[in-house]
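This report concerns only the one structure given below.
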Amino acid sequence: MLRMAKEQFLEWLKNHKQCIWLVFVVFMYQYISAPLIENAELMGSPLGVLEPYIGLSNNLLLQTVIPVFFLILLSGFPEKYGTSYFSAVRIGRERWLSVQIVFLIFCCLAFSAMAFLISVLTAAGHISVQWEWSSVLTEFGEKFPELSSNYGNSILDERTYFQGQPPETAAWSFFLMNLHLFVLGMLQLTAYCTGIGRAGYVSSILTEAMGLLLCAAESPAKWIFPLSHGIFSTHFTKYYADEIVPVSYSILYFGGFLLIFYIACSLGIKKVSMTGGEGKV
């Protein structure tokens, strides 16, 4: 099972759609790294090595763009990467489903790791290995009060850095982002296993769009959608960093959806046609 998932994963890495990472680099540099670097130069002090990634994983705009990039990279899943018909005939439908889930986990982890690497590379020369918050984030407003409202100083605010040191915050951000991506991937797999095909992609895009609108409006209804659960900073108030929704609730939220999707996949894969048309393979 692991060998087959690894083979599919390597095929995924070689796909030409991986070129979309070039666009991601531009987004990352423009919306996170460049504003932080500008403030670091004004302060004459480096950023912490984890801070650009924490900024990336807690930025509402990029956490809306990231799932879109992921869905583009995952387009064709599982038909293309799972070689559905022949694999299912050879190893059986249930084992084929397990292979797809392991493959999806590989993709989520690789995607998040690549995002972290890009966050480091785009800030190279302005970062240092330190495990506490840099003065660029915690003292910039005091040193430059006239610039305290600039974009770079608002990327990470109290609701993010009052919740712990960078390693802890980065770990939670990485974990929640992976859960978010995994749920979106499982939605695609569920759509395939239940025979509704591309409806999974349409549902994912609409879900992310609604989540963005509600998060931007600070509506309590945002907690219906996965976007708000996938961003660490949204769990806390902006000025006092008080907890709004415990992170543990978000883990249960994602876990519940993953369980539902897994059950739907397990039931649907037994009878859905994997070659087009009706009936079983």
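As shown in the structure tokens, the chain order sets the letters A, B, ...; within each chain, residues go from 1, and ligands are also counted from 1 in the order they appear.
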Backbone-only DSSP, helix (DSSP H, G or I) members of region 112-186 of chain A, as number ranges by chain: A: 112-121, 135-138, 140-143, 145-147, 151-154, 158-161, 166-186
Which region 213-237 of chain A residues have any atom within 10 Å of an atom of region 149-160 of chain A, and for each, what is the nearest pair of atoms with distance in Å to one decimal, counting only C-alpha atoms, rows sorted by chain and number, as CSV?
residue,atom,partner,partner_atom,distance
A:Phe232,CA,A:Thr160,CA,7.5
A:Ser233,CA,A:Thr160,CA,5.2
A:Thr234,CA,A:Arg159,CA,8.0
A:His235,CA,A:Arg159,CA,8.3
A:Phe236,CA,A:Arg159,CA,5.5
A:Thr237,CA,A:Arg159,CA,6.0
Just C-alpha atoms for this one: save the residues we selected as a compact mmCIF listing (two decimals), in the first residue's frame.
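And here is the file that came out, result11.txt:
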# COMPACT_ATOMS: atom_id res chain seq x y z
CA PHE A 232 -4.75 29.59 14.03
CA SER A 233 -5.19 33.33 14.66
CA THR A 234 -8.94 33.37 13.93
CA HIS A 235 -9.49 31.40 17.14
CA PHE A 236 -8.67 34.50 19.21
CA THR A 237 -9.88 38.09 19.54
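For the pair CA of Leu179 (chain A) and CA of Gln18 (chain A), the interatomic distance is 21.2 Å.
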Point-to-point distance from CA of Phe182 (chain A) to CA of Arg93 (chain A), Å rounded to tenths: 20.7 Å
From A:Leu109, A:Val129, A:Ile54, A:Leu137, residue lying nearest Phe70 (chain A) [only C-alpha atoms]: A:Leu109
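Restricting the calculation to only C-alpha atoms, the smallest distance between Arg95 (chain A) and any of A:Ser266, A:Thr194, A:Ser33, A:Gln63 is found for A:Ser266.
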Option closest in space to Thr169 (chain A), from A:Leu36, A:Ile196, A:Leu50, A:Val68 [counting only C-alpha atoms]: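 Smallest distance to Thr169 (chain A) is found for A:Leu50.
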Polymer residues at most 12 Å from Arg3 (chain A), only C-alpha atoms, same-chain spacing of 3 or more positions, as number ranges by chain: A: 6-10, 98-100, 102-103
CA of Gly211 (chain A) to CA of Phe225 (chain A), distance in Å rounded to a single decimal: 5.5 Å
Surrounding residues of Gly230 (chain A) excluding itself and chain neighbours under 4 positions, 9 Å, only C-alpha atoms, as a list in words: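 The filter keeps Ser57, Asn58, Gln63, Ser173, Phe175, Leu176, Met177, Asn178, Leu179, His180, Leu181, Pro226, Thr234, Ser250 and Phe254 of chain A.
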Got a sec to tell me which of region 6-249 of chain A DSSP assigns to strand (DSSP E), as a PDB file with all heavy atoms, in the first residue's frame?
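Below you can see selection-v1.pdb, which holds the result:
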ATOM      1  N   LEU A  47      14.274  39.096  11.220  1.00  0.00           N
ATOM      2  CA  LEU A  47      13.073  38.352  11.576  1.00  0.00           C
ATOM      3  C   LEU A  47      13.465  36.987  12.114  1.00  0.00           C
ATOM      4  O   LEU A  47      14.538  36.471  11.801  1.00  0.00           O
ATOM      5  CB  LEU A  47      12.190  38.160  10.342  1.00  0.00           C
ATOM      6  CG  LEU A  47      11.608  39.409   9.688  1.00  0.00           C
ATOM      7  CD1 LEU A  47      11.195  39.113   8.246  1.00  0.00           C
ATOM      8  CD2 LEU A  47      10.410  39.919  10.488  1.00  0.00           C
ATOM      9  N   GLY A  48      12.592  36.385  12.885  1.00  0.00           N
ATOM     10  CA  GLY A  48      12.796  35.003  13.276  1.00  0.00           C
ATOM     11  C   GLY A  48      12.538  34.095  12.086  1.00  0.00           C
ATOM     12  O   GLY A  48      11.714  34.399  11.223  1.00  0.00           O
ATOM     13  N   ILE A 127      16.531  36.974   7.966  1.00  0.00           N
ATOM     14  CA  ILE A 127      16.043  36.113   9.042  1.00  0.00           C
ATOM     15  C   ILE A 127      17.217  35.529   9.822  1.00  0.00           C
ATOM     16  O   ILE A 127      18.338  35.454   9.315  1.00  0.00           O
ATOM     17  CB  ILE A 127      15.173  34.950   8.499  1.00  0.00           C
ATOM     18  CG1 ILE A 127      15.944  34.141   7.445  1.00  0.00           C
ATOM     19  CG2 ILE A 127      13.864  35.456   7.949  1.00  0.00           C
ATOM     20  CD1 ILE A 127      15.187  32.930   6.932  1.00  0.00           C
ATOM     21  N   SER A 128      16.946  35.137  11.037  1.00  0.00           N
ATOM     22  CA  SER A 128      17.946  34.452  11.853  1.00  0.00           C
ATOM     23  C   SER A 128      17.231  33.357  12.637  1.00  0.00           C
ATOM     24  O   SER A 128      16.015  33.418  12.850  1.00  0.00           O
ATOM     25  CB  SER A 128      18.634  35.423  12.826  1.00  0.00           C
ATOM     26  OG  SER A 128      17.705  35.903  13.776  1.00  0.00           O
TER      27      SER A 128
END
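In terms of minimum interatomic distance to Ser135 (chain A), A:Glu41 ranks closest within A:Glu11, A:Glu94, A:Glu41, A:Glu218, counting only C-alpha atoms.
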Exercise: Ser45 (chain A) partners within 12 Å, only C-alpha atoms, chain neighbours under 6 positions left out, as a ChimeraX atom specification: /A:36-39,125-128,130,133-140
Distance criterion (only C-alpha atoms): nearest to Trp21 (chain A) out of A:Ile118, A:Cys108, A:Ile251, A:Ile205: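 Distance minimum relative to Trp21 (chain A) lands on A:Ile118.
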